[in-house]
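Peer 1: I am sharing structure_1.cif, which consists of mmCIF, N, CA and C atoms and all ligand atoms:
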```cif
data_start
loop_
_atom_site.label_atom_id
_atom_site.label_comp_id
_atom_site.auth_asym_id
_atom_site.auth_seq_id
_atom_site.Cartn_x
_atom_site.Cartn_y
_atom_site.Cartn_z
N MET A 1 -53.83 68.76 169.91
CA MET A 1 -53.28 67.41 170.09
C MET A 1 -53.67 66.56 168.89
N PRO A 2 -52.69 65.98 168.22
CA PRO A 2 -53.03 65.13 167.07
C PRO A 2 -53.78 63.87 167.52
N THR A 3 -54.83 63.56 166.80
CA THR A 3 -55.59 62.34 167.08
C THR A 3 -55.50 61.44 165.86
N TYR A 4 -55.17 60.20 166.11
CA TYR A 4 -55.05 59.21 165.04
C TYR A 4 -56.14 58.17 165.24
N LYS A 5 -56.80 57.82 164.15
CA LYS A 5 -57.82 56.78 164.22
C LYS A 5 -57.29 55.51 163.60
N GLY A 6 -57.69 54.41 164.19
CA GLY A 6 -57.23 53.14 163.65
C GLY A 6 -58.24 52.05 163.88
N SER A 7 -58.05 50.96 163.17
CA SER A 7 -58.94 49.82 163.34
C SER A 7 -58.24 48.56 162.84
N CYS A 8 -58.85 47.43 163.18
CA CYS A 8 -58.42 46.18 162.58
C CYS A 8 -58.93 46.16 161.13
N HIS A 9 -58.79 45.06 160.46
CA HIS A 9 -59.21 45.04 159.06
C HIS A 9 -60.73 45.05 158.90
N CYS A 10 -61.43 44.26 159.72
CA CYS A 10 -62.89 44.16 159.55
C CYS A 10 -63.62 45.32 160.20
N GLY A 11 -62.96 46.06 161.09
CA GLY A 11 -63.58 47.21 161.73
C GLY A 11 -64.26 46.91 163.06
N ASP A 12 -64.20 45.66 163.50
CA ASP A 12 -64.81 45.34 164.80
C ASP A 12 -64.07 46.04 165.94
N ILE A 13 -62.75 46.21 165.77
CA ILE A 13 -61.93 46.85 166.79
C ILE A 13 -61.54 48.24 166.28
N ARG A 14 -61.90 49.27 167.05
CA ARG A 14 -61.55 50.63 166.65
C ARG A 14 -60.90 51.36 167.82
N ILE A 15 -59.85 52.10 167.49
CA ILE A 15 -59.14 52.84 168.52
C ILE A 15 -58.89 54.28 168.07
N GLU A 16 -58.68 55.12 169.06
CA GLU A 16 -58.17 56.47 168.78
C GLU A 16 -56.93 56.67 169.63
N LEU A 17 -55.97 57.29 169.04
CA LEU A 17 -54.71 57.55 169.72
C LEU A 17 -54.55 59.06 169.76
N GLU A 18 -54.62 59.61 170.95
CA GLU A 18 -54.49 61.06 171.10
C GLU A 18 -53.13 61.34 171.71
N ARG A 19 -52.31 62.04 170.96
CA ARG A 19 -50.92 62.26 171.36
C ARG A 19 -50.66 63.73 171.62
N PRO A 20 -49.79 64.03 172.59
CA PRO A 20 -49.41 65.43 172.82
C PRO A 20 -48.63 66.00 171.63
N GLU A 21 -47.88 65.14 170.95
CA GLU A 21 -47.09 65.54 169.77
C GLU A 21 -47.40 64.55 168.65
N PRO A 22 -47.14 64.94 167.42
CA PRO A 22 -47.32 63.97 166.33
C PRO A 22 -46.45 62.73 166.53
N ILE A 23 -46.91 61.63 166.01
CA ILE A 23 -46.13 60.39 166.09
C ILE A 23 -44.77 60.60 165.44
N ASP A 24 -43.70 60.24 166.18
CA ASP A 24 -42.35 60.43 165.63
C ASP A 24 -41.52 59.15 165.71
N ARG A 25 -42.14 58.04 166.13
CA ARG A 25 -41.38 56.79 166.24
C ARG A 25 -42.15 55.64 165.62
N LEU A 26 -41.49 54.97 164.71
CA LEU A 26 -42.01 53.70 164.17
C LEU A 26 -40.93 52.66 164.39
N LEU A 27 -41.31 51.56 165.01
CA LEU A 27 -40.34 50.54 165.36
C LEU A 27 -40.73 49.20 164.74
N GLU A 28 -39.74 48.54 164.21
CA GLU A 28 -39.95 47.18 163.72
C GLU A 28 -39.16 46.27 164.65
N CYS A 29 -39.85 45.39 165.33
CA CYS A 29 -39.21 44.50 166.31
C CYS A 29 -38.85 43.19 165.62
N ASP A 30 -37.65 42.69 165.93
CA ASP A 30 -37.19 41.47 165.26
C ASP A 30 -37.48 40.21 166.06
N CYS A 31 -38.34 40.28 167.05
CA CYS A 31 -38.70 39.05 167.79
C CYS A 31 -39.55 38.16 166.88
N SER A 32 -39.76 36.94 167.35
CA SER A 32 -40.41 35.94 166.49
C SER A 32 -41.82 36.34 166.09
N ILE A 33 -42.60 36.84 167.03
CA ILE A 33 -44.00 37.09 166.67
C ILE A 33 -44.15 38.37 165.86
N CYS A 34 -43.40 39.41 166.21
CA CYS A 34 -43.51 40.66 165.45
C CYS A 34 -43.03 40.46 164.01
N THR A 35 -42.01 39.63 163.83
CA THR A 35 -41.54 39.33 162.49
C THR A 35 -42.63 38.68 161.67
N LYS A 36 -43.26 37.66 162.25
CA LYS A 36 -44.28 36.92 161.49
C LYS A 36 -45.53 37.74 161.26
N LYS A 37 -45.85 38.63 162.21
CA LYS A 37 -47.04 39.45 162.04
C LYS A 37 -46.80 40.68 161.18
N GLY A 38 -45.55 41.10 161.08
CA GLY A 38 -45.25 42.28 160.28
C GLY A 38 -45.68 43.59 160.92
N ILE A 39 -45.68 43.60 162.24
CA ILE A 39 -46.15 44.79 162.96
C ILE A 39 -45.14 45.93 162.84
N VAL A 40 -45.65 47.14 162.67
CA VAL A 40 -44.83 48.35 162.83
C VAL A 40 -45.38 49.07 164.06
N HIS A 41 -44.58 49.07 165.11
CA HIS A 41 -45.04 49.59 166.40
C HIS A 41 -44.89 51.09 166.50
N THR A 42 -45.83 51.72 167.19
CA THR A 42 -45.59 53.06 167.71
C THR A 42 -45.98 53.02 169.18
N PRO A 43 -45.04 53.39 170.07
CA PRO A 43 -45.34 53.32 171.50
C PRO A 43 -46.41 54.33 171.90
N ALA A 44 -47.23 53.98 172.88
CA ALA A 44 -48.28 54.88 173.34
C ALA A 44 -48.53 54.66 174.82
N GLU A 45 -48.77 55.74 175.52
CA GLU A 45 -49.13 55.63 176.94
C GLU A 45 -50.58 55.18 177.03
N ASN A 46 -50.91 54.53 178.14
CA ASN A 46 -52.27 54.02 178.31
C ASN A 46 -53.32 55.11 178.11
N HIS A 47 -53.06 56.29 178.69
CA HIS A 47 -54.09 57.34 178.64
C HIS A 47 -54.22 57.95 177.24
N GLU A 48 -53.30 57.65 176.36
CA GLU A 48 -53.39 58.19 174.99
C GLU A 48 -54.28 57.33 174.09
N ILE A 49 -54.60 56.13 174.57
CA ILE A 49 -55.35 55.18 173.75
C ILE A 49 -56.80 55.10 174.22
N ARG A 50 -57.71 55.24 173.31
CA ARG A 50 -59.13 55.09 173.61
C ARG A 50 -59.66 53.99 172.69
N MET A 51 -60.21 52.96 173.32
CA MET A 51 -60.84 51.91 172.54
C MET A 51 -62.25 52.39 172.24
N THR A 52 -62.53 52.74 171.01
CA THR A 52 -63.85 53.29 170.70
C THR A 52 -64.84 52.20 170.30
N GLN A 53 -64.31 51.03 170.00
CA GLN A 53 -65.20 49.91 169.68
C GLN A 53 -64.45 48.60 169.86
N GLY A 54 -65.14 47.63 170.41
CA GLY A 54 -64.65 46.25 170.40
C GLY A 54 -63.64 45.89 171.47
N ALA A 55 -63.51 46.72 172.53
CA ALA A 55 -62.54 46.38 173.59
C ALA A 55 -62.84 45.01 174.18
N ASP A 56 -64.12 44.67 174.24
CA ASP A 56 -64.53 43.38 174.83
C ASP A 56 -64.31 42.21 173.86
N LYS A 57 -64.01 42.53 172.63
CA LYS A 57 -63.86 41.46 171.63
C LYS A 57 -62.42 41.01 171.44
N LEU A 58 -61.46 41.83 171.88
CA LEU A 58 -60.06 41.52 171.63
C LEU A 58 -59.69 40.13 172.13
N ALA A 59 -58.99 39.38 171.32
CA ALA A 59 -58.46 38.10 171.75
C ALA A 59 -57.01 38.30 172.17
N LEU A 60 -56.55 37.41 173.03
CA LEU A 60 -55.21 37.57 173.61
C LEU A 60 -54.37 36.34 173.30
N TYR A 61 -53.16 36.61 172.83
CA TYR A 61 -52.20 35.53 172.62
C TYR A 61 -50.98 35.81 173.47
N ARG A 62 -50.52 34.78 174.15
CA ARG A 62 -49.31 34.92 174.97
C ARG A 62 -48.43 33.72 174.73
N PHE A 63 -47.14 33.93 174.86
CA PHE A 63 -46.21 32.81 174.72
C PHE A 63 -44.96 33.13 175.53
N GLY A 64 -44.05 32.17 175.62
CA GLY A 64 -42.79 32.39 176.34
C GLY A 64 -43.07 32.72 177.80
N THR A 65 -42.56 33.84 178.27
CA THR A 65 -42.76 34.23 179.66
C THR A 65 -44.21 34.60 179.93
N GLY A 66 -44.97 34.84 178.88
CA GLY A 66 -46.38 35.19 179.04
C GLY A 66 -46.61 36.61 179.48
N GLU A 67 -45.54 37.38 179.53
CA GLU A 67 -45.66 38.73 180.04
C GLU A 67 -46.24 39.69 179.00
N ALA A 68 -45.75 39.57 177.78
CA ALA A 68 -46.25 40.45 176.73
C ALA A 68 -47.67 40.05 176.35
N ARG A 69 -48.48 41.05 176.06
CA ARG A 69 -49.86 40.79 175.62
C ARG A 69 -49.94 41.09 174.13
N HIS A 70 -50.33 40.11 173.37
CA HIS A 70 -50.50 40.29 171.93
C HIS A 70 -51.99 40.20 171.64
N GLU A 71 -52.61 41.36 171.49
CA GLU A 71 -54.06 41.39 171.34
C GLU A 71 -54.42 41.56 169.88
N PHE A 72 -55.46 40.87 169.49
CA PHE A 72 -55.83 40.89 168.07
C PHE A 72 -57.34 40.69 167.93
N CYS A 73 -57.82 41.03 166.76
CA CYS A 73 -59.24 40.84 166.46
C CYS A 73 -59.48 39.37 166.12
N PRO A 74 -60.38 38.71 166.83
CA PRO A 74 -60.60 37.29 166.55
C PRO A 74 -61.33 37.06 165.23
N ARG A 75 -61.94 38.10 164.69
CA ARG A 75 -62.68 37.92 163.42
C ARG A 75 -61.73 37.99 162.22
N CYS A 76 -60.90 39.05 162.16
CA CYS A 76 -60.04 39.22 160.98
C CYS A 76 -58.58 38.90 161.28
N GLY A 77 -58.23 38.71 162.56
CA GLY A 77 -56.89 38.28 162.92
C GLY A 77 -55.85 39.38 163.02
N ILE A 78 -56.28 40.63 162.82
CA ILE A 78 -55.29 41.71 162.80
C ILE A 78 -54.92 42.16 164.21
N HIS A 79 -53.60 42.31 164.41
CA HIS A 79 -53.05 42.76 165.69
C HIS A 79 -53.14 44.28 165.73
N VAL A 80 -53.92 44.81 166.65
CA VAL A 80 -54.13 46.26 166.72
C VAL A 80 -53.20 46.91 167.74
N LEU A 81 -53.05 46.26 168.89
CA LEU A 81 -52.17 46.82 169.91
C LEU A 81 -51.72 45.73 170.86
N GLY A 82 -50.74 46.05 171.66
CA GLY A 82 -50.24 45.07 172.61
C GLY A 82 -49.45 45.74 173.70
N ARG A 83 -49.03 44.91 174.65
CA ARG A 83 -48.29 45.42 175.79
C ARG A 83 -46.94 44.70 175.80
N PRO A 84 -45.86 45.43 175.52
CA PRO A 84 -44.57 44.75 175.35
C PRO A 84 -43.92 44.38 176.68
N ARG A 85 -43.09 43.36 176.64
CA ARG A 85 -42.34 42.97 177.84
C ARG A 85 -41.40 44.08 178.27
N SER A 86 -40.81 44.77 177.28
CA SER A 86 -39.80 45.77 177.60
C SER A 86 -40.39 46.92 178.41
N HIS A 87 -41.67 47.25 178.16
CA HIS A 87 -42.32 48.35 178.86
C HIS A 87 -43.77 47.96 179.15
N PRO A 88 -43.99 47.03 180.11
CA PRO A 88 -45.35 46.53 180.33
C PRO A 88 -46.32 47.58 180.86
N GLU A 89 -45.79 48.75 181.26
CA GLU A 89 -46.66 49.79 181.79
C GLU A 89 -47.32 50.60 180.68
N ARG A 90 -46.88 50.39 179.45
CA ARG A 90 -47.53 51.09 178.36
C ARG A 90 -47.85 50.11 177.24
N GLN A 91 -48.30 50.65 176.14
CA GLN A 91 -48.71 49.77 175.05
C GLN A 91 -47.98 50.16 173.78
N THR A 92 -48.06 49.30 172.79
CA THR A 92 -47.64 49.72 171.47
C THR A 92 -48.82 49.48 170.53
N VAL A 93 -49.06 50.47 169.72
CA VAL A 93 -50.12 50.37 168.72
C VAL A 93 -49.47 49.92 167.42
N ASN A 94 -50.15 49.06 166.71
CA ASN A 94 -49.69 48.67 165.39
C ASN A 94 -49.99 49.82 164.44
N ALA A 95 -48.95 50.56 164.09
CA ALA A 95 -49.14 51.76 163.27
C ALA A 95 -49.79 51.43 161.93
N ARG A 96 -49.62 50.20 161.49
CA ARG A 96 -50.25 49.78 160.23
C ARG A 96 -51.77 49.82 160.30
N CYS A 97 -52.31 49.83 161.53
CA CYS A 97 -53.76 49.89 161.70
C CYS A 97 -54.29 51.32 161.70
N LEU A 98 -53.39 52.30 161.69
CA LEU A 98 -53.83 53.70 161.71
C LEU A 98 -54.17 54.18 160.30
N GLU A 99 -55.17 55.03 160.21
CA GLU A 99 -55.56 55.58 158.91
C GLU A 99 -54.40 56.35 158.27
N ASP A 100 -53.55 56.93 159.10
CA ASP A 100 -52.44 57.75 158.61
C ASP A 100 -51.17 56.96 158.36
N TYR A 101 -51.28 55.63 158.34
CA TYR A 101 -50.05 54.84 158.31
C TYR A 101 -49.10 55.25 157.18
N TRP A 102 -49.60 55.34 155.97
CA TRP A 102 -48.66 55.59 154.87
C TRP A 102 -48.11 57.01 154.89
N ASP A 103 -48.87 57.95 155.43
CA ASP A 103 -48.31 59.30 155.62
C ASP A 103 -47.14 59.24 156.61
N LEU A 104 -47.35 58.51 157.71
CA LEU A 104 -46.28 58.37 158.71
C LEU A 104 -45.09 57.64 158.10
N ARG A 105 -45.37 56.60 157.36
CA ARG A 105 -44.32 55.74 156.81
C ARG A 105 -43.45 56.49 155.80
N ARG A 106 -44.08 57.40 155.07
CA ARG A 106 -43.31 58.17 154.08
C ARG A 106 -42.43 59.21 154.77
N ARG A 107 -42.87 59.67 155.93
CA ARG A 107 -42.17 60.75 156.64
C ARG A 107 -41.10 60.23 157.59
N LEU A 108 -41.31 59.06 158.16
CA LEU A 108 -40.44 58.57 159.22
C LEU A 108 -39.66 57.34 158.77
N THR A 109 -38.49 57.19 159.33
CA THR A 109 -37.71 55.98 159.10
C THR A 109 -38.09 54.95 160.15
N VAL A 110 -38.34 53.75 159.72
CA VAL A 110 -38.66 52.68 160.66
C VAL A 110 -37.37 52.22 161.32
N VAL A 111 -37.33 52.28 162.64
CA VAL A 111 -36.15 51.90 163.40
C VAL A 111 -36.29 50.47 163.87
N GLN A 112 -35.23 49.70 163.75
CA GLN A 112 -35.29 48.31 164.21
C GLN A 112 -35.13 48.24 165.72
N PHE A 113 -36.02 47.50 166.34
CA PHE A 113 -35.97 47.28 167.79
C PHE A 113 -35.47 45.86 168.02
N ASP A 114 -34.49 45.72 168.92
CA ASP A 114 -33.90 44.42 169.19
C ASP A 114 -34.79 43.62 170.15
N GLY A 115 -35.67 42.84 169.60
CA GLY A 115 -36.55 42.00 170.41
C GLY A 115 -35.99 40.59 170.58
N GLN A 116 -34.90 40.29 169.89
CA GLN A 116 -34.32 38.94 169.99
C GLN A 116 -33.45 38.80 171.23
N ASN A 117 -32.81 39.91 171.62
CA ASN A 117 -31.92 39.86 172.79
C ASN A 117 -32.55 40.61 173.95
N HIS A 118 -33.72 40.15 174.31
CA HIS A 118 -34.46 40.83 175.36
C HIS A 118 -33.83 40.55 176.72
N PRO A 119 -33.62 41.59 177.55
CA PRO A 119 -32.98 41.37 178.86
C PRO A 119 -33.74 40.35 179.72
N LYS A 120 -35.05 40.30 179.58
CA LYS A 120 -35.81 39.35 180.40
C LYS A 120 -35.61 37.90 179.93
N ASP A 121 -35.18 37.74 178.68
CA ASP A 121 -34.84 36.40 178.22
C ASP A 121 -33.47 35.99 178.77
N GLN A 122 -32.56 36.98 178.84
CA GLN A 122 -31.22 36.68 179.33
C GLN A 122 -31.26 36.24 180.79
N ALA A 123 -32.20 36.78 181.54
CA ALA A 123 -32.25 36.50 182.98
C ALA A 123 -32.78 35.10 183.27
N GLU A 124 -33.38 34.47 182.29
CA GLU A 124 -34.00 33.17 182.55
C GLU A 124 -33.00 32.02 182.49
ZN ZN B 1 -61.28 42.65 162.80
#
```
Could you render the structure as structure tokens?
Ligand SMILES: [Zn+2]

Peer 2:
Amino acid sequence: MPTYKGSCHCGDIRIELERPEPIDRLLECDCSICTKKGIVHTPAENHEIRMTQGADKLALYRFGTGEARHEFCPRCGIHVLGRPRSHPERQTVNARCLEDYWDLRRRLTVVQFDGQNHPKDQAE
């Protein structure tokens, strides 16, 4: 099982992502916050993510419906992972925080995710 290590910039927050298969999806979401943060998402199931350091330090930002969780390191400000509105039962890891980011980025095409026309926004 491929294991990916990642962290925020300062290293206070560290994660491991253990996947049954190599990462094959990189998503760029066009919603307001993902655009400004420059996140490249890779979806992950809860059990695939291990917080190896700093789980208690993560800061949380919420806006709009408040459903999505945007978690970040309060020291360096880097967004490591979050819980999207589209799939609140799982998480997305910021692939840019993974040690293998540029290897993944060279191999995979980043797919645009439509975060501007979210069905939960339409229902409001
Ligand atoms: Zn940090």

Peer 1: Report the centre and edge lengths, in Å to one decimal, of an axis-aligned box enclosing every atom of region 41-58 of chain A listed in the file, padded by 6 Å on each side, as lines of an AutoDock Vina configuration file.

Peer 2:
```
center_x = -54.9
center_y = 49.2
center_z = 171.9
size_x = 32.6
size_y = 30.1
size_z = 25.6
```

Peer 1: Output as a PyMOL selection string all residues of region 55-108 of chain A that backbone DSSP marks as helix (DSSP H, G or I).

Peer 2: chain A and resi 95-97+101-107

Peer 1: Please measure the separation of atom N of Asn94 (chain A) and CA of Val80 (chain A), giving the value in Å to one decimal.

Peer 2: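 The value is 4.9 Å.
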
Peer 1: Looking at A:Trp102, A:Glu16, A:Val111, A:His9, which one is nearest to Arg50 (chain A), with distances taken over all atoms listed in the file?

Peer 2: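 Looking only at the distances to Arg50 (chain A), the closest residue turns out to be A:Glu16.
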
Peer 1: Would you work out the distance separating atom N of Thr109 (chain A) from atom C of Asp12 (chain A), expressed in Å to one decimal?

Peer 2: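 Interatomic distance, atom N of Thr109 (chain A) to atom C of Asp12 (chain A): 28.7 Å.
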